[in-house]
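K.L.:
Provided herewith: run-v7.csv, CSV, C-alpha atoms.
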```
chain,number,residue,atom,x,y,z
A,1,MET,CA,2.6,6.9,-7.4
A,2,CYS,CA,0.7,4.6,-5.0
A,3,LEU,CA,-1.9,5.1,-2.3
A,4,VAL,CA,-2.5,3.2,1.0
A,5,VAL,CA,-4.9,4.1,3.8
A,6,VAL,CA,-4.9,2.2,7.0
A,7,ALA,CA,-7.2,2.2,10.1
A,8,TRP,CA,-5.5,0.9,13.2
A,9,GLN,CA,-7.6,0.1,16.2
A,10,GLN,CA,-10.5,2.3,15.0
A,11,HIS,CA,-13.2,-0.3,14.4
A,12,PRO,CA,-14.8,-2.4,17.2
A,13,GLU,CA,-14.6,-5.6,15.1
A,14,TYR,CA,-11.7,-5.0,12.7
A,15,PRO,CA,-8.5,-3.7,14.4
A,16,LEU,CA,-6.6,-3.5,11.1
A,17,ILE,CA,-8.2,-2.3,7.9
A,18,ILE,CA,-6.0,-1.7,4.7
A,19,ALA,CA,-6.9,-0.3,1.3
A,20,GLY,CA,-4.3,0.3,-1.3
A,21,ASN,CA,-3.7,1.1,-5.0
A,22,ARG,CA,-0.6,-0.1,-6.8
A,23,ASP,CA,0.3,2.4,-9.5
A,24,GLU,CA,3.0,1.2,-12.0
A,25,PHE,CA,3.9,1.2,-15.7
A,26,HIS,CA,1.6,-1.1,-17.5
A,27,ALA,CA,4.5,-2.8,-19.3
A,28,ARG,CA,6.1,-4.0,-16.1
A,29,PRO,CA,5.5,-7.7,-15.7
A,30,THR,CA,3.3,-8.6,-12.7
A,31,GLN,CA,1.7,-11.7,-11.2
A,32,GLU,CA,-1.7,-11.4,-9.6
A,33,MET,CA,-2.3,-11.9,-5.9
A,34,HIS,CA,-1.7,-15.6,-4.9
A,35,TRP,CA,-0.2,-17.8,-2.3
A,36,TRP,CA,3.5,-18.0,-3.4
A,37,PRO,CA,4.7,-21.6,-4.2
A,38,ASP,CA,8.3,-20.8,-3.0
A,39,LYS,CA,7.1,-19.0,0.1
A,40,PRO,CA,3.8,-20.8,0.8
A,41,ASP,CA,2.9,-18.8,3.9
A,42,ILE,CA,2.9,-15.5,2.0
A,43,VAL,CA,-0.1,-14.2,-0.1
A,44,GLY,CA,0.3,-11.1,-2.3
A,45,GLY,CA,0.9,-10.0,-5.9
A,46,ARG,CA,4.4,-10.3,-7.3
A,47,ASP,CA,6.6,-8.0,-9.3
A,48,LEU,CA,8.2,-10.3,-11.9
A,49,GLN,CA,10.9,-7.8,-12.8
A,50,ALA,CA,12.5,-7.6,-9.3
A,51,ALA,CA,10.7,-10.6,-7.6
A,52,GLY,CA,9.4,-8.4,-4.7
A,53,THR,CA,6.0,-7.1,-3.9
A,54,TRP,CA,4.2,-3.9,-2.9
A,55,LEU,CA,1.7,-5.4,-0.4
A,56,ALA,CA,1.5,-8.9,1.2
A,57,LEU,CA,0.4,-10.8,4.2
A,58,GLN,CA,1.8,-13.8,6.1
A,59,ARG,CA,-0.3,-16.6,7.7
A,60,THR,CA,0.9,-15.5,11.1
A,61,GLY,CA,-0.9,-12.2,10.6
A,62,ARG,CA,2.1,-10.1,9.7
A,63,PHE,CA,1.5,-7.5,7.1
A,64,ALA,CA,3.7,-5.1,5.1
A,65,THR,CA,3.3,-2.6,2.3
A,66,VAL,CA,5.8,-0.3,0.6
A,67,THR,CA,5.5,2.9,-1.5
A,68,ASN,CA,8.2,4.7,-3.4
A,69,PHE,CA,9.2,8.2,-2.3
A,70,ARG,CA,8.8,10.9,-4.9
A,71,ASP,CA,11.9,13.1,-4.8
A,72,ALA,CA,14.6,14.6,-7.1
A,73,GLN,CA,17.4,12.3,-6.1
A,74,ALA,CA,18.9,10.6,-9.1
A,75,PRO,CA,18.7,6.8,-9.1
A,76,VAL,CA,21.8,4.9,-8.1
A,77,ALA,CA,22.8,1.7,-9.8
A,78,LYS,CA,22.7,-1.6,-7.8
A,79,LEU,CA,20.3,-0.5,-5.1
A,80,ARG,CA,18.3,-3.3,-3.7
A,81,SER,CA,14.6,-3.5,-4.8
A,82,ARG,CA,12.3,-1.9,-2.3
A,83,GLY,CA,9.8,-4.7,-2.8
A,84,HIS,CA,12.1,-7.0,-0.9
A,85,LEU,CA,11.5,-5.0,2.2
A,86,VAL,CA,8.0,-6.4,2.4
A,87,THR,CA,9.0,-10.1,2.1
A,88,ASP,CA,11.9,-9.6,4.4
A,89,PHE,CA,9.6,-8.4,7.2
A,90,LEU,CA,7.0,-11.1,6.5
A,91,GLU,CA,9.7,-13.8,6.9
A,92,SER,CA,11.2,-12.2,10.0
A,93,ALA,CA,10.3,-12.9,13.6
A,94,ASP,CA,11.4,-9.4,14.7
A,95,ALA,CA,9.0,-7.0,16.3
A,96,PRO,CA,8.1,-4.2,13.8
A,97,ILE,CA,10.2,-1.5,15.4
A,98,ASP,CA,13.2,-3.8,15.7
A,99,PHE,CA,12.9,-4.8,12.1
A,100,LEU,CA,12.6,-1.2,10.8
A,101,ALA,CA,15.5,0.0,13.0
A,102,ASN,CA,17.8,-2.6,11.4
A,103,ILE,CA,17.1,-1.6,7.7
A,104,ASP,CA,20.1,-0.3,5.8
A,105,ASN,CA,18.4,2.9,4.5
A,106,GLU,CA,21.2,3.6,2.1
A,107,ALA,CA,20.7,0.3,0.3
A,108,TYR,CA,17.4,1.5,-1.2
A,109,ALA,CA,16.0,4.3,-3.2
A,110,GLY,CA,13.4,6.4,-1.4
A,111,PHE,CA,10.7,4.4,0.3
A,112,ASN,CA,7.9,4.4,2.9
A,113,LEU,CA,7.4,1.1,4.7
A,114,LEU,CA,4.3,0.2,6.9
A,115,VAL,CA,4.5,-3.1,8.8
A,116,SER,CA,2.4,-4.8,11.5
A,117,ASP,CA,2.6,-8.1,13.5
A,118,GLY,CA,-1.0,-7.7,14.7
A,119,GLU,CA,0.2,-6.1,18.0
A,120,THR,CA,2.0,-3.0,16.6
A,121,LEU,CA,1.7,-0.9,13.4
A,122,ALA,CA,4.9,0.9,12.6
A,123,TRP,CA,6.3,3.1,9.8
A,124,LEU,CA,9.7,4.1,8.4
A,125,SER,CA,10.8,6.3,5.6
A,126,ASN,CA,14.4,6.6,4.5
A,127,ARG,CA,13.8,10.2,3.5
A,128,GLY,CA,14.1,11.8,6.9
A,129,ALA,CA,11.7,9.9,9.1
A,130,SER,CA,13.0,7.4,11.7
A,131,ALA,CA,11.1,4.3,12.6
A,132,ARG,CA,8.1,4.8,14.9
A,133,ALA,CA,5.2,2.8,16.3
A,134,LEU,CA,1.9,4.4,15.3
A,135,PRO,CA,-0.9,5.0,17.9
A,136,PRO,CA,-4.5,4.1,17.1
A,137,GLY,CA,-5.7,6.2,14.2
A,138,VAL,CA,-6.4,6.4,10.4
A,139,TYR,CA,-3.3,7.0,8.3
A,140,GLY,CA,-2.7,7.8,4.7
A,141,LEU,CA,0.4,7.2,2.6
A,142,SER,CA,1.3,8.0,-1.0
A,143,ASN,CA,4.7,9.0,-2.3
A,144,ALA,CA,5.7,11.5,0.4
A,145,LEU,CA,5.9,11.1,4.2
A,146,LEU,CA,3.0,9.6,6.2
A,147,ASP,CA,-0.1,11.8,6.3
A,148,SER,CA,1.4,14.4,3.9
A,149,PRO,CA,-1.6,16.6,3.0
A,150,TRP,CA,-1.9,15.6,-0.6
A,151,ASP,CA,-5.5,15.8,-1.8
A,152,LYS,CA,-5.7,12.1,-2.7
A,153,VAL,CA,-4.4,11.2,0.8
A,154,THR,CA,-6.7,13.5,2.8
A,155,ARG,CA,-9.8,12.6,0.7
A,156,SER,CA,-9.2,8.8,1.0
A,157,LYS,CA,-8.6,9.0,4.7
A,158,ALA,CA,-11.8,11.0,5.2
A,159,THR,CA,-13.7,8.3,3.2
A,160,LEU,CA,-12.3,5.5,5.3
A,161,GLU,CA,-13.2,7.4,8.5
A,162,ARG,CA,-16.7,7.8,7.3
A,163,LEU,CA,-17.0,4.1,6.4
A,164,ILE,CA,-15.9,3.2,9.9
A,165,GLN,CA,-18.4,5.6,11.5
A,166,GLN,CA,-21.2,4.1,9.3
A,167,ASP,CA,-20.0,0.5,10.1
A,168,LYS,CA,-19.6,-0.2,6.3
A,169,ILE,CA,-16.3,-2.0,6.4
A,170,ASN,CA,-16.5,-4.6,3.6
A,171,ALA,CA,-14.6,-5.3,0.4
A,172,THR,CA,-17.2,-3.6,-1.8
A,173,GLU,CA,-17.0,-0.3,0.0
A,174,LEU,CA,-13.2,-0.3,0.4
A,175,LEU,CA,-12.8,-1.0,-3.3
A,176,ARG,CA,-15.2,1.8,-4.1
A,177,LEU,CA,-13.0,4.1,-2.0
A,178,LEU,CA,-10.0,3.1,-4.1
A,179,ASN,CA,-11.8,3.7,-7.3
A,180,ASP,CA,-12.0,7.4,-6.8
A,181,ARG,CA,-10.9,8.9,-10.1
A,182,ASN,CA,-11.4,12.5,-9.2
A,183,LYS,CA,-8.3,14.6,-9.7
A,184,ALA,CA,-7.2,17.3,-7.3
A,185,PRO,CA,-8.2,21.0,-8.0
A,186,THR,CA,-6.0,22.4,-10.7
A,187,GLY,CA,-4.8,25.2,-8.4
A,188,GLU,CA,-3.3,22.6,-6.1
A,189,ILE,CA,-1.2,20.8,-8.7
A,190,ASP,CA,2.6,20.8,-8.2
A,191,THR,CA,4.0,19.7,-11.5
A,192,ASP,CA,7.5,19.1,-10.1
A,193,GLY,CA,8.8,19.0,-13.6
A,194,LEU,CA,6.1,16.8,-15.1
A,195,PRO,CA,3.7,17.9,-17.9
A,196,PHE,CA,0.7,19.5,-16.3
A,197,ALA,CA,-1.7,16.9,-17.7
A,198,THR,CA,0.4,14.1,-16.2
A,199,ALA,CA,0.8,15.8,-12.8
A,200,HIS,CA,-3.0,16.4,-12.8
A,201,ALA,CA,-3.8,12.8,-13.7
A,202,ILE,CA,-1.6,11.3,-10.9
A,203,SER,CA,-3.3,13.5,-8.3
A,204,ALA,CA,-6.3,11.2,-8.4
A,205,PRO,CA,-6.5,8.2,-6.0
A,206,PHE,CA,-7.1,6.0,-9.1
A,207,ILE,CA,-4.8,6.9,-12.0
A,208,VAL,CA,-5.6,6.4,-15.7
A,209,LEU,CA,-2.9,7.1,-18.2
A,210,PRO,CA,-1.9,5.3,-21.4
A,211,ASP,CA,1.5,4.0,-20.2
A,212,TYR,CA,1.2,4.2,-16.4
A,213,GLY,CA,-1.6,4.0,-13.9
A,214,THR,CA,-3.4,2.0,-11.2
A,215,ARG,CA,-2.7,-1.7,-12.0
A,216,SER,CA,-4.5,-3.1,-9.0
A,217,SER,CA,-6.5,-2.3,-5.9
A,218,SER,CA,-6.1,-4.4,-2.8
A,219,VAL,CA,-8.2,-4.4,0.4
A,220,ALA,CA,-7.6,-6.4,3.6
A,221,PHE,CA,-9.1,-6.5,7.1
A,222,CYS,CA,-8.8,-8.8,10.0
A,223,ASP,CA,-11.3,-9.4,12.8
A,224,ARG,CA,-10.4,-9.7,16.5
A,225,ALA,CA,-10.5,-13.5,16.2
A,226,GLY,CA,-7.7,-13.4,13.6
A,227,ASN,CA,-9.8,-14.1,10.5
A,228,TRP,CA,-8.5,-12.3,7.4
A,229,ARG,CA,-10.4,-11.2,4.3
A,230,LEU,CA,-8.3,-10.1,1.4
A,231,GLN,CA,-9.3,-9.1,-2.1
A,232,GLU,CA,-7.4,-7.8,-5.2
A,233,ARG,CA,-9.0,-6.2,-8.3
A,234,ARG,CA,-6.9,-5.7,-11.4
A,235,PHE,CA,-7.1,-3.2,-14.2
A,236,ASP,CA,-5.9,-2.5,-17.8
A,237,ALA,CA,-4.5,0.7,-19.2
A,238,SER,CA,-8.0,2.2,-19.7
A,239,GLY,CA,-8.9,1.6,-16.1
A,240,LYS,CA,-11.2,-1.3,-16.9
A,241,SER,CA,-11.3,-4.2,-14.5
A,242,THR,CA,-9.7,-7.4,-15.9
A,243,GLY,CA,-10.4,-9.7,-12.9
A,244,GLU,CA,-10.2,-10.1,-9.2
A,245,THR,CA,-9.2,-12.6,-6.6
A,246,ALA,CA,-10.4,-13.1,-3.0
A,247,PHE,CA,-8.9,-14.9,-0.1
A,248,ARG,CA,-9.9,-15.8,3.5
A,249,PHE,CA,-7.6,-17.3,6.0
A,250,GLU,CA,-7.2,-17.7,9.8
A,251,THR,CA,-4.1,-16.3,11.6
A,252,VAL,CA,-1.8,-19.2,12.5
A,253,VAL,CA,0.0,-18.5,15.8
```
Take the structure in this file and express it as structure tokens.

P.N.:
Amino acid sequence: MCLVVVAWQQHPEYPLIIAGNRDEFHARPTQEMHWWPDKPDIVGGRDLQAAGTWLALQRTGRFATVTNFRDAQAPVAKLRSRGHLVTDFLESADAPIDFLANIDNEAYAGFNLLVSDGETLAWLSNRGASARALPPGVYGLSNALLDSPWDKVTRSKATLERLIQQDKINATELLRLLNDRNKAPTGEIDTDGLPFATAHAISAPFIVLPDYGTRSSSVAFCDRAGNWRLQERRFDASGKSTGETAFRFETVV
């Protein structure tokens, strides 16, 4: 389970605002957010098991993030890692819609992919949703289709909308949004074959479970002059912060 909320062309100073939680098994090896030595124009965390990433940016202002799609389809051997979709877009010169339209959907397990080149924000899922450019708005994405009315999605979108209205867009407030550990009401839980306690726990924007949970929270926003602010906060299995890293850089055209 993961969560991403994005505001596109909704704030007078920051046209793109991103806040996302990466949820993963705590045993999966991960590298903290950094500028990649082998791809020096990319900044993001790195999955050391498959060498991809869940959220990253490129110095040119390109951005991408991916979430898994929760469905009942059995995993297929030798599918490509979904984390490579992020780096493939960042290294591409294609417009967002063109890039999404050329993805081989059958080569990956279920995914949602959000991409932007600073001019367009676009989304694709290989679970029944074709590529489309998104008009200005606030969007929420977890492990179903874009803006699916999951409690964690609607609640996080509402918080981001309120922060925009109150002109409180900064790393502190966005990280507080992502630290929401309140679970959905018990009457709204769809266990989908999971133990109820697990299904209830993963209904929160920030997940705390012994073996699986929110590993990191990332926020990023860019002003109209092309100045990016990016911050990652990391957590252990108990949900306690273990460190954070912040970056600032200018878009290079």

K.L.:
For A:Met33, which residue out of A:Ala50, A:Ile18, A:Ala56, A:Ala171 is the nearest one, using only C-alpha atoms?

P.N.:
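For A:Met33, the nearest of the candidates is A:Ala56.
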
K.L.:
Extract, using only C-alpha atoms, all DNA, RNA and protein residues at most 8 Å from A:Phe221, discarding same-chain residues fewer than 6 positions from it, and format them as a ChimeraX atom specification.

P.N.:
/A:14-18,228-230

K.L.:
Find the residues near A:Lys39: any atom within 10 Å, counting all atoms listed in the file, skip ones fewer than 2 places away on the same chain, and give them as a PDB file with C-alpha atoms, keeping the file's coordinate frame.

P.N.:
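Ended up saving to result_4.pdb:
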```
ATOM      1  CA  TRP A  35      -0.200 -17.800  -2.300  1.00  0.00           C
ATOM      2  CA  TRP A  36       3.500 -18.000  -3.400  1.00  0.00           C
ATOM      3  CA  PRO A  37       4.700 -21.600  -4.200  1.00  0.00           C
ATOM      4  CA  ASP A  41       2.900 -18.800   3.900  1.00  0.00           C
ATOM      5  CA  ILE A  42       2.900 -15.500   2.000  1.00  0.00           C
ATOM      6  CA  VAL A  43      -0.100 -14.200  -0.100  1.00  0.00           C
ATOM      7  CA  GLN A  58       1.800 -13.800   6.100  1.00  0.00           C
ATOM      8  CA  THR A  87       9.000 -10.100   2.100  1.00  0.00           C
ATOM      9  CA  GLU A  91       9.700 -13.800   6.900  1.00  0.00           C
TER      10      GLU A  91
END
```

K.L.:
So how far away is atom CA of A:Val5 from atom CA of A:Gly140, in Å?

P.N.:
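These two atoms are separated by 4.4 Å.
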
K.L.:
Suppose you want the space between atom CA of A:Gly137 and atom CA of A:Thr159; what is it in Å?

P.N.:
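Pair atom CA of A:Gly137 / atom CA of A:Thr159 returns 13.8 Å.
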
K.L.:
Given all atoms listed in the file as the basis, pick out the residue of A:Leu3, A:Leu194, A:Val86, A:Leu145 nearest to A:Arg62.

P.N.:
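Residue with the minimum atom-to-atom distance to A:Arg62: A:Val86.
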
K.L.:
List the neighbours of A:Ala204 out to 8 Å using only C-alpha atoms; skip same-chain residues closer than 4 positions along the sequence, and give me the result as a PDB file with C-alpha atoms, keeping the file's coordinate frame.

P.N.:
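Generated output (selection_28.pdb):
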```pdb
ATOM      1  CA  LYS A 152      -5.700  12.100  -2.700  1.00  0.00           C
ATOM      2  CA  ASP A 180     -12.000   7.400  -6.800  1.00  0.00           C
ATOM      3  CA  ARG A 181     -10.900   8.900 -10.100  1.00  0.00           C
ATOM      4  CA  ASN A 182     -11.400  12.500  -9.200  1.00  0.00           C
ATOM      5  CA  LYS A 183      -8.300  14.600  -9.700  1.00  0.00           C
ATOM      6  CA  ALA A 184      -7.200  17.300  -7.300  1.00  0.00           C
ATOM      7  CA  HIS A 200      -3.000  16.400 -12.800  1.00  0.00           C
TER       8      HIS A 200
END
```

K.L.:
So, with all atoms listed in the file as the atoms that count, which of A:Val208, A:Ala225, A:Val252, A:Leu113 lies closest to A:Ser238?

P.N.:
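Comparing A:Val208, A:Ala225, A:Val252, A:Leu113 against A:Ser238, the winner is A:Val208.
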
K.L.:
For A:Asp23, which of A:Glu250, A:Asp167, A:Asp236, A:Glu161 is the closest residue, counting all atoms listed in the file?

P.N.:
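Nearest candidate to A:Asp23 out of A:Glu250, A:Asp167, A:Asp236, A:Glu161: A:Asp236.
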
K.L.:
Quote the spacing between atom CA of A:Arg28 and atom CA of A:Ser218 in Å to one decimal place.

P.N.:
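Value for the atom CA of A:Arg28-atom CA of A:Ser218 distance: 18.1 Å.
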
K.L.:
Which residue, A:Ala133, A:Ala144, A:Ala220, A:Ile169, has the smallest gap to A:Leu55 when you use all atoms listed in the file?

P.N.:
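The closest residue to A:Leu55 is A:Ala220.
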
K.L.:
Please list, as a list in words, the residues that have an atom at most 6 Å away from (19.0, 0.4, -5.0) in the coordinates of this file, counting only C-alpha atoms.

P.N.:
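I get Lys78, Leu79, Arg80, Ser81, Ala107, Tyr108 and Ala109 of chain A for the residues within 6 Å of that point.
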
K.L.:
How would the residues just picked look written out with C-alpha atoms as a short mmCIF file (atom, residue, chain, number, x, y, z; two decimals), in the frame of the given file?

P.N.:
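Saved the output as again.cif:
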```cif
data_model
loop_
_atom_site.label_atom_id
_atom_site.label_comp_id
_atom_site.auth_asym_id
_atom_site.auth_seq_id
_atom_site.Cartn_x
_atom_site.Cartn_y
_atom_site.Cartn_z
CA LYS A 78 22.70 -1.60 -7.80
CA LEU A 79 20.30 -0.50 -5.10
CA ARG A 80 18.30 -3.30 -3.70
CA SER A 81 14.60 -3.50 -4.80
CA ALA A 107 20.70 0.30 0.30
CA TYR A 108 17.40 1.50 -1.20
CA ALA A 109 16.00 4.30 -3.20
#
```

K.L.:
Output file request: stretch 68-130 of chain A, with C-alpha atoms, as an mmCIF file, in the first residue's frame.

P.N.:
```
data_model
loop_
_atom_site.group_PDB
_atom_site.id
_atom_site.type_symbol
_atom_site.label_atom_id
_atom_site.label_comp_id
_atom_site.auth_asym_id
_atom_site.auth_seq_id
_atom_site.Cartn_x
_atom_site.Cartn_y
_atom_site.Cartn_z
ATOM 1 C CA ASN A 68 1.224 -0.888 -7.007
ATOM 2 C CA PHE A 69 -2.347 -1.837 -7.875
ATOM 3 C CA ARG A 70 -4.080 -4.006 -5.314
ATOM 4 C CA ASP A 71 -5.919 -6.767 -7.142
ATOM 5 C CA ALA A 72 -6.434 -10.495 -7.083
ATOM 6 C CA GLN A 73 -4.354 -11.282 -10.148
ATOM 7 C CA ALA A 74 -1.680 -13.843 -9.396
ATOM 8 C CA PRO A 75 1.914 -12.656 -9.836
ATOM 9 C CA VAL A 76 3.622 -13.684 -13.061
ATOM 10 C CA ALA A 77 7.263 -14.640 -13.135
ATOM 11 C CA LYS A 78 9.755 -12.459 -15.027
ATOM 12 C CA LEU A 79 7.626 -9.321 -15.104
ATOM 13 C CA ARG A 80 9.689 -6.130 -15.176
ATOM 14 C CA SER A 81 9.981 -4.156 -11.929
ATOM 15 C CA ARG A 82 7.442 -1.329 -11.785
ATOM 16 C CA GLY A 83 10.069 0.911 -10.218
ATOM 17 C CA HIS A 84 11.852 1.129 -13.557
ATOM 18 C CA LEU A 85 8.879 2.996 -15.026
ATOM 19 C CA VAL A 86 9.902 6.006 -12.933
ATOM 20 C CA THR A 87 13.509 6.087 -14.114
ATOM 21 C CA ASP A 88 12.509 5.316 -17.697
ATOM 22 C CA PHE A 89 10.343 8.440 -17.762
ATOM 23 C CA LEU A 90 12.956 10.619 -16.078
ATOM 24 C CA GLU A 91 15.554 9.611 -18.662
ATOM 25 C CA SER A 92 13.160 10.042 -21.563
ATOM 26 C CA ALA A 93 12.642 13.199 -23.605
ATOM 27 C CA ASP A 94 9.083 12.169 -24.532
ATOM 28 C CA ALA A 95 6.071 14.234 -23.558
ATOM 29 C CA PRO A 96 4.175 12.599 -20.667
ATOM 30 C CA ILE A 97 1.253 11.337 -22.764
ATOM 31 C CA ASP A 98 3.561 9.962 -25.453
ATOM 32 C CA PHE A 99 5.665 8.142 -22.873
ATOM 33 C CA LEU A 100 2.635 6.593 -21.165
ATOM 34 C CA ALA A 101 1.076 5.555 -24.476
ATOM 35 C CA ASN A 102 4.178 3.553 -25.386
ATOM 36 C CA ILE A 103 4.405 1.487 -22.185
ATOM 37 C CA ASP A 104 3.933 -2.250 -22.612
ATOM 38 C CA ASN A 105 1.266 -2.726 -19.956
ATOM 39 C CA GLU A 106 1.574 -6.502 -20.061
ATOM 40 C CA ALA A 107 5.229 -6.346 -19.023
ATOM 41 C CA TYR A 108 4.344 -5.233 -15.475
ATOM 42 C CA ALA A 109 2.183 -6.271 -12.571
ATOM 43 C CA GLY A 110 -0.621 -3.831 -11.732
ATOM 44 C CA PHE A 111 0.507 -0.229 -11.405
ATOM 45 C CA ASN A 112 -0.465 3.427 -11.356
ATOM 46 C CA LEU A 113 2.038 5.879 -12.819
ATOM 47 C CA LEU A 114 1.969 9.676 -12.433
ATOM 48 C CA VAL A 115 4.415 11.692 -14.534
ATOM 49 C CA SER A 116 5.075 15.363 -15.244
ATOM 50 C CA ASP A 117 7.495 17.378 -17.345
ATOM 51 C CA GLY A 118 6.463 20.654 -15.712
ATOM 52 C CA GLU A 119 4.047 21.444 -18.524
ATOM 53 C CA THR A 120 1.711 18.453 -18.228
ATOM 54 C CA LEU A 121 0.702 16.059 -15.467
ATOM 55 C CA ALA A 122 -0.468 12.674 -16.740
ATOM 56 C CA TRP A 123 -1.579 9.325 -15.323
ATOM 57 C CA LEU A 124 -1.819 5.739 -16.486
ATOM 58 C CA SER A 125 -2.906 2.481 -14.882
ATOM 59 C CA ASN A 126 -2.541 -0.884 -16.567
ATOM 60 C CA ARG A 127 -5.678 -2.003 -14.777
ATOM 61 C CA GLY A 128 -8.267 -0.554 -17.104
ATOM 62 C CA ALA A 129 -7.389 3.143 -17.326
ATOM 63 C CA SER A 130 -5.726 4.517 -20.445
#
```
